[in-house]
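Here's the structure, in structure tokens; my notes come after.
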Amino acid sequence: MHGVGETAESFASQAPSTTWSPLIAFCGGCMVAIAALGMRLRSQPVMASPRPEDPLISMLAISGIQELETPPDIVGPKDDANALHRRMETMLRTGQEKICAAIEQSDGQAKFRPDAWMLKNGNGGGISRVMAGGKVWEKAGVNLSVIRGTMPQAALGAATEKAAVYLKNMGLPAGEPVPFFVASLSCVMHPRNPFCPTMHFNYRYFELDKDNWWFAGGTDITPAYLDMDDMKHFHGTYKKVCDKYDPEFYPMFKKRADEYFMIKHRGETRGLGGIFFDDLNDRDPEVLFKFAEECLNSVVTAYVPIIEKHKNDSFTEEQKRWQLIRRGRYCEFNLIYDRGTIFGLKAGGRIESILMTLPETVRWEYNHQPAPGSEEEKIMKMFKNAPSWV
């Protein structure tokens, strides 16, 4: 469930299709839909209450948001500071600030622009930080959302494959809305240099009640050219974190990432993987909280040294062309298979925001085949058969 959310701004009048956006964005593991909904509705007149013909709006308890001049001290519901909800928000927000600072330092030119918003009903909000026109990065976004609300029971299947189990555990009467809390931080970064890989991550906590909750997320990398040392460094960083908690974590989560990011109609992966986990609730939540925190805190360690190594590499027009072709594959995956993007489009959110996960420039060539023995063919073999890196 990967993807990236975009700048979230003022909510106002909402149509039935858009009410799915906040929930679906989180359910799909990406913030696209909720941010897109906010952007889409920014220019519409604010309504005092949802229209009566929009039952999903009242189910989700969303009546609009207000745009903020500066990010608030607390984005989500103001629980006790020691509550897991509050600590999850603090952890994600700290990660957002540290990652943005590290990326700005590496870029040396562009800065992240923050946008903050709050739900008028007090049930949450978000902070989006977006960079454009950088020296190193063409596009980059790191986006936080924290929301509490309710959803139809039928929607829970979009959040988890274990929806039937959770509903049975909760014992809710048929038709009764499902309460939920979700805190999520997502990111995508598209560098300019063909030797600098794209990176994506999403880490989140989803809770229905005190007995039905899960952690989810992961970090993955998408290079256009293969550098074995880079991949060993990236995967090794996450293996080290995983091994601290369970020696089965890395091989299991690495396999899930390879499977999820498969472009099925091409028979190749979007990139060279990473880790991906979902419905993780098989042990103490405090242990899993620390695991998610260490994964998030490892983003800079895993990624930025690779960028520093290659950001000044010279490249040819043909190498740039290959990067654009691979970006085309990135787009194919996001538009056809990525759950967050698909749900965001179906939700009727703002198209420009939903598609911000995509790079600015891409290329498709009819039946393109890398030259035999070339560096392009070398990495294509990796996309076709995901190897073990560490």
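In the structure tokens, chains take letters A, B, ... by order of appearance, with residues numbered from 1 within each chain and ligands from 1 in the order shown.
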Neighbouring residues of Thr301 in chain A were defined as those with any atom within 12 Å, considering only C-alpha atoms; residues of the same chain fewer than 6 positions away were excluded. Please report them as a ChimeraX atom specification. /A:98-99,102-103,219,230,233-238,240-241,294-295,307-308
Can you pull out the residues contacting Pro251 in chain A? Cut-off 9 Å, using only C-alpha atoms, and skip same-chain residues under 5 positions away; I want them as a list in words. Lys239, Arg256 and Ile275 of chain A
Selection above as a file: all heavy atoms, as a PDB file, in the first residue's frame:
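Below is the file again.pdb, written as the result:
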```
ATOM      1  N   LYS A 239      17.727  -4.159   6.751  1.00  0.00           N
ATOM      2  CA  LYS A 239      17.902  -5.486   7.347  1.00  0.00           C
ATOM      3  C   LYS A 239      18.404  -5.370   8.784  1.00  0.00           C
ATOM      4  O   LYS A 239      17.967  -6.102   9.679  1.00  0.00           O
ATOM      5  CB  LYS A 239      18.867  -6.334   6.523  1.00  0.00           C
ATOM      6  CG  LYS A 239      19.028  -7.770   7.054  1.00  0.00           C
ATOM      7  CD  LYS A 239      19.977  -8.580   6.199  1.00  0.00           C
ATOM      8  CE  LYS A 239      20.016 -10.035   6.648  1.00  0.00           C
ATOM      9  NZ  LYS A 239      20.434 -10.212   8.048  1.00  0.00           N
ATOM     10  N   ARG A 256       7.515  -9.148   0.375  1.00  0.00           N
ATOM     11  CA  ARG A 256       6.247  -8.442   0.169  1.00  0.00           C
ATOM     12  C   ARG A 256       6.434  -7.198  -0.698  1.00  0.00           C
ATOM     13  O   ARG A 256       5.576  -6.876  -1.529  1.00  0.00           O
ATOM     14  CB  ARG A 256       5.641  -8.060   1.520  1.00  0.00           C
ATOM     15  CG  ARG A 256       5.116  -9.249   2.306  1.00  0.00           C
ATOM     16  CD  ARG A 256       4.523  -8.814   3.627  1.00  0.00           C
ATOM     17  NE  ARG A 256       4.055  -9.952   4.417  1.00  0.00           N
ATOM     18  CZ  ARG A 256       3.573  -9.865   5.648  1.00  0.00           C
ATOM     19  NH1 ARG A 256       3.505  -8.669   6.232  1.00  0.00           N
ATOM     20  NH2 ARG A 256       3.174 -10.944   6.290  1.00  0.00           N
ATOM     21  N   ILE A 275      11.464  -2.692   1.941  1.00  0.00           N
ATOM     22  CA  ILE A 275      10.614  -3.452   2.849  1.00  0.00           C
ATOM     23  C   ILE A 275       9.185  -2.927   2.764  1.00  0.00           C
ATOM     24  O   ILE A 275       8.954  -1.760   2.445  1.00  0.00           O
ATOM     25  CB  ILE A 275      11.102  -3.394   4.312  1.00  0.00           C
ATOM     26  CG1 ILE A 275      11.122  -1.954   4.832  1.00  0.00           C
ATOM     27  CG2 ILE A 275      12.469  -4.054   4.446  1.00  0.00           C
ATOM     28  CD1 ILE A 275      11.323  -1.835   6.335  1.00  0.00           C
TER      29      ILE A 275
END
```
Could you name the residues that touch range 144-146 of chain A at 8 Å or less, counting only C-alpha atoms, but leaving out those on the same chain fewer than 4 positions away, as an NGL selection string? :A and (31 or 75-77 or 89 or 92-93 or 96 or 124-128 or 181-186)
Hey, can you spit out that residue selection with C-alpha atoms as an mmCIF file, in the first residue's frame?
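Wrote it out as again17.cif, contents follow:
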```cif
data_model
loop_
_atom_site.group_PDB
_atom_site.id
_atom_site.type_symbol
_atom_site.label_atom_id
_atom_site.label_comp_id
_atom_site.auth_asym_id
_atom_site.auth_seq_id
_atom_site.Cartn_x
_atom_site.Cartn_y
_atom_site.Cartn_z
ATOM 1 C CA MET A 31 -2.165 10.300 1.606
ATOM 2 C CA VAL A 75 -2.205 18.182 14.389
ATOM 3 C CA GLY A 76 -4.418 15.288 15.446
ATOM 4 C CA PRO A 77 -6.985 14.971 18.223
ATOM 5 C CA GLU A 89 1.956 11.883 15.647
ATOM 6 C CA LEU A 92 5.981 11.000 12.467
ATOM 7 C CA ARG A 93 6.237 14.752 12.688
ATOM 8 C CA GLN A 96 9.137 14.638 8.691
ATOM 9 C CA GLY A 124 -7.402 15.961 13.007
ATOM 10 C CA GLY A 125 -5.456 17.654 10.255
ATOM 11 C CA GLY A 126 -2.189 17.535 8.431
ATOM 12 C CA ILE A 127 1.069 19.150 7.379
ATOM 13 C CA SER A 128 2.371 18.805 3.828
ATOM 14 C CA PHE A 181 -7.922 6.661 14.032
ATOM 15 C CA VAL A 182 -5.032 6.894 11.603
ATOM 16 C CA ALA A 183 -1.690 8.694 11.639
ATOM 17 C CA SER A 184 0.481 8.486 8.531
ATOM 18 C CA LEU A 185 3.595 10.002 7.010
ATOM 19 C CA SER A 186 4.306 9.442 3.317
#
```
I need the residues in range 287-386 of chain A that are helix (DSSP H, G or I) according to DSSP; give them as an MDAnalysis selection string. chainID A and resid 287:297 299:310 317:336 339:346 351:357 375:384
List the neighbours of Asn312 in chain A out to 12 Å using only C-alpha atoms; skip same-chain residues closer than 4 positions along the sequence, and give me the result as a PyMOL selection string. chain A and resi 106-107+135-136+191-196+306-308
Suppose you want the space between CA of Asp246 in chain A and CA of Val287 in chain A; what is it in Å?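 These two atoms are separated by 10.9 Å.
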